[in-house]
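Student: Could you have a look at this structure, given as structure tokens, before my questions?
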Amino acid sequence: MSDTFSYLLMAWLDPQLLALTALGTLAGIYVGAIPGLSVTMAVSILISFTFSWDINNALALMVGIYVGGVYGGSRTAILLNIPGSPAALTTAFDGYPLAQRGEAGRAIGLSTVMSVIGGFVGVAILAATAPMLSDLALRFAPRDYFLIAVLGLLLVSTLSGKSLARGIFAVALGGVIGLVGMDPVTAQGRFTMGSMNLLGGIHYVVVMIGLFGVAEAFYQLHHLNTIPVKQKVDKIVPSFNMVTKYLPLSLRTSVIGVIVGALPGTGGDIASLFAYDHAKRTVKNPSRPFGEGAYEGLVAPETANNAAVGGAYVPMLTLGMPGDAVTAVIIGALVIHGLNPGPMLMVETPHIFWFTVGNLALANIFLLVFGLTGIKLFSKIVELPKAVLIPLILVLCVVGTYSINSNMTEVYWMLGFGILGYFLKVFGFQMGPIILGVILGPLLDETYRQAMSSVGDNLGEFLLALVANPLSLVLTSVITLVLLGNTPAKRLLMERLSRR
Amino acid sequence: MLKPTLSSLAIAITSLSVAGSALADYPTRNIQGTIQWGAGGATDNVIRSLTPHVEEELGTTIVLTNRAGGTGVIGMNHVMNQRPDGYNLLFGAENPQLYPLMGLADFTYDDMHTVNIIGQGLVVIATHPDSPFEDFGELLEYAKENPGELRMGGTGAGGLPSTVLAMINAVDELDIRDVTFGGDGPGVTALLGEHIDFMPLSLSAVAEQIRGGRLKGLAVLSDQELEDLPGVPPITEALPDIDAFLPWGPFWGVFVHQDTPDDVKAVLEDAYYNAVASDEFQQFLDDFGGAPLNLSGDEAQEYLDNWQSVTAWSMYDAEAETIEVSPEELGIPRP
């Protein structure tokens, strides 16, 4: 017990580890804020860099970058309507309208506090229930991931804005974009038109930067002469009352975040989508309508994506299996440092588990400190004249895209999606559903084929499996209820019940 | 043990003869390294562990970039299109040797210069602990009585499981349901959750799970038991005929453009030879579940040719659906 405690506090008491965690968190915020620079990339560069270091020092830096990076994506989402990472996609929906109302500082302040709350919930659940949660995560069969993807498709109604038809079109378009590349089963090119550069598919961050960054920059040309809103820079730190008001929602969305994050097939991006949808469905009287600057629309995704960090560590620390791309790279780092990430990690080197838990908590405290400083300066970005801001955004988009795979073809694609996105915006399409399609298309494709080949391509057996297993049955029921809830059946049932 | 000593001697002589000119003007700046697989994978782990030792040898920095996608086609294509000055290295796995066969691309490692074949991964056929099978023979017998019922985890056409399955089918019969995952990681996760029945995997992906009792090994793809995996029988116990294909495994190598000047090639070969031979890296490979090879020059070419011939013909003989042309048409001789 005293051992556990000393491991837990290791990072808090050692000045070197303290400094590295702080440095990592600060660097992570900026890595995360720039679209295209990802935490995965930063951590893999650190592997070579920290090769000769002590493992604890290397881990402290990586944990810091991870926590800071997941949060950082919200900065550009709020200020420029460009999510720094896919997990901050839904943050832009209400964050950017808030910035347009002169509340950029307040939005960043709120998102910081909520990220930290989400982060702490994630750490707490990791510390308390890691082995149980990882057993639960292992129970998810391919058919269950398929059902999650179907459930994700239903989010289209949340993301479509005014026209559902346009939303459905956009999801389908995104799905097709997501299918470009090599067929995962047969290794044949699919929609590649013979181009070798397309065999790897179109990275969804490329699509995201084009649709949000470039298209947004073009679209702002329409408002070239409007004078930017003066930003209010008082009351940046949310009041205690405000935090307690959103606490129930933030706890619910944090739990969504941890669970989705702990599933090895899904991460913070899908977690934040589900959380936003949850907020929209359950909050009856938001501070403003969703999509126009509702604080609830900011609270939900920001808690969920940071809570997903704790979740992603669950399968990694208990089984040596990655919960997402970042933990996959951290597992690589452990291997290179001569540790054996696997089911024996917690038995043979328990200090790694408790050290990580303590370190994650520490990084979240640094996140609170760094996240709440410099906001005044940041909110000035929104006040920049468009003639400065728009070229800046375009440069950022090109650099960010090139840095994903150092591939010029992807930059052309990104610009192409920018132009496409601009016209879609002009005709009233939302960008969110397209990204939803790009993320879910490949997941649906892969998991449906896995589920089908598991039952010998027998459709009857596949459908039976969807209701014959407890976990699948729960997911199938949720999907059915969501679907029925959107049909006249619900209204008729309600009327009948109230008549009695 | 004789072979490596001889080749090291040969390399030492070559590098001595060019030392005057080459060592002075190469490398003078950072070297760009392209890893053809994603961050956190086996190739990535091996290369990132090896690189610091090479940097020490060369006295420069190697900037590593993951250019994943298309079974490595994209990363390899990129390096082949760079200037042949030795400042662009490709770090790859075994896949390019099958590109023409599968119709993915018209080049293989023969179209580049091999700097070093670092090592070879060992292969284990694994299952979950609740599985009724104690060894691979029992599984094979069950599959014969119940064809098309067992679920095997795969990683797509040309991936390691599909190749191992082809080898088995070239000498015996194993009819299964192939469930495709995005890589070893997701496959192992599905195996832990008992959503599939077995999966051929590289030892590095699965050794810890077996040691921790979360998975069990049915056979190792080798003709003798492994020191690191006591109690897991060699596959030749159940399938003696498969011996013709062994030793076989996924490998990792370093490659440069074919037209790179000879003195630069020699500097690189020398540096990589010493780095791979270093005690720290050898220790890493051992922990990682890999067998060191450290081959260059003719030995490396011989290894690559043999690997290609064994793999291509076993896939052809097993009538793998993914094969676009016969190995004969591509001029690959039968093993």
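Each chain in the structure tokens gets a letter, A, B, ..., in the order shown, and its residues are numbered from 1; ligands are numbered from 1 in order too.
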What residues in chain B lie within 7 Å of chain A, counting only C-alpha atoms, written as a count of residues only?

Tutor: 26

Student: If you run DSSP on the backbone, which residues of region 122-323 of chain B are helix (DSSP H, G or I), as a PyMOL selection string?

Tutor: chain B and resi 136-145+160-171+184-192+203-211+235-237+240-245+262-277+279-288+297-317

Student: Nearest residue to Ile227 (chain A) out of A:Leu110, A:Leu436, A:Val39, A:Leu384, using only C-alpha atoms?

Tutor: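 Once distances to Ile227 (chain A) are computed over only C-alpha atoms, the minimum belongs to A:Leu384.
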
Student: Which residues are near Met152 (chain B)? Cut-off 7 Å, only C-alpha atoms, ignore same chain within fewer than 2 positions. Put them as a list in words.

Tutor: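 In the requested form, the answer reads Leu150, Gly154, Ile176, Arg177, Asp178, Val179, Ile196, Asp197, Phe198 and Met199 of chain B.
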
Student: Counting only C-alpha atoms, which of B:Met167, B:Ile125, B:Leu98, B:Glu227 gets nearest to Leu201 (chain B)?

Tutor: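 For Leu201 (chain B), the nearest of the candidates is B:Ile125.
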
Student: Could you name the residues that touch region 97-106 of chain A at 6 Å or less, counting only C-alpha atoms, but leaving out those on the same chain fewer than 2 positions away, as a list in words?

Tutor: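 Listed by chain and then number, they are Asp94, Gly95, Ile108, Gly109, Val229, Lys230, Gln231, Lys232, Val233, Ile236, Glu292, Gly293, Ile375 and Ser379 of chain A.
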
Student: Suppose you want the space between CA of Asp44 (chain B) and CA of Gln97 (chain B); what is it in Å?

Tutor: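 Separating CA of Asp44 (chain B) from CA of Gln97 (chain B) is a distance of 18.8 Å.
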
Student: Near Asp259 (chain B), counting only C-alpha atoms, which residues have an atom at most 9 Å away, once you skip same-chain residues fewer than 4 positions from it, shown as JSON, numbers by chain?

Tutor: {"B": [83, 84, 85, 112, 113]}

Student: How many Å lie between CA of Pro289 (chain A) and CA of Lys162 (chain A), rounded to one decimal?

Tutor: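 Separation between CA of Pro289 (chain A) and CA of Lys162 (chain A): 12.7 Å.
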
Student: Kindly indicate which residue among A:Leu362, A:Leu481, A:Leu377, A:Leu473 lies nearest to Asp14 (chain A), using only C-alpha atoms for the distances.

Tutor: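 Comparing A:Leu362, A:Leu481, A:Leu377, A:Leu473 against Asp14 (chain A), the winner is A:Leu362.
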
Student: Hey, can you check how far CA of Gly231 (chain B) sits from CA of Leu191 (chain B)?

Tutor: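 CA of Leu191 (chain B) lies 20.2 Å from CA of Gly231 (chain B).
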
Student: Which residues come within 9 Å of region 308-311 of chain B, counting only C-alpha atoms, excluding same-chain residues fewer than 2 positions away, as a PyMOL selection string?

Tutor: chain B and resi 94+97-98+163-164+166-167+244-246+248+303-306+313-316+327+332-335

Student: Pick out the residues sitting within 7 Å of region 280-294 of chain B, and hand them over as a ChimeraX atom specification; count only C-alpha atoms, and ignore anything fewer than 2 positions along from it in its own chain.

Tutor: /B:50,116-122,203-204,273,276-278,296

Student: Can you work out which one of B:Pro27, B:Gly92, B:Gly72, B:Gly153 has the shortest atom-to-atom distance to Leu104 (chain B), counting only C-alpha atoms?

Tutor: B:Gly72

Student: Could you go through region 88-259 of chain B and tell me which residues DSSP, when run on the backbone, assigns to strand (DSSP E), listing them as a VMD selection string?

Tutor: chain B and resid 88 to 92 112 to 121 123 to 127 151 to 154 177 to 180 199 to 202 216 to 220 251 to 257
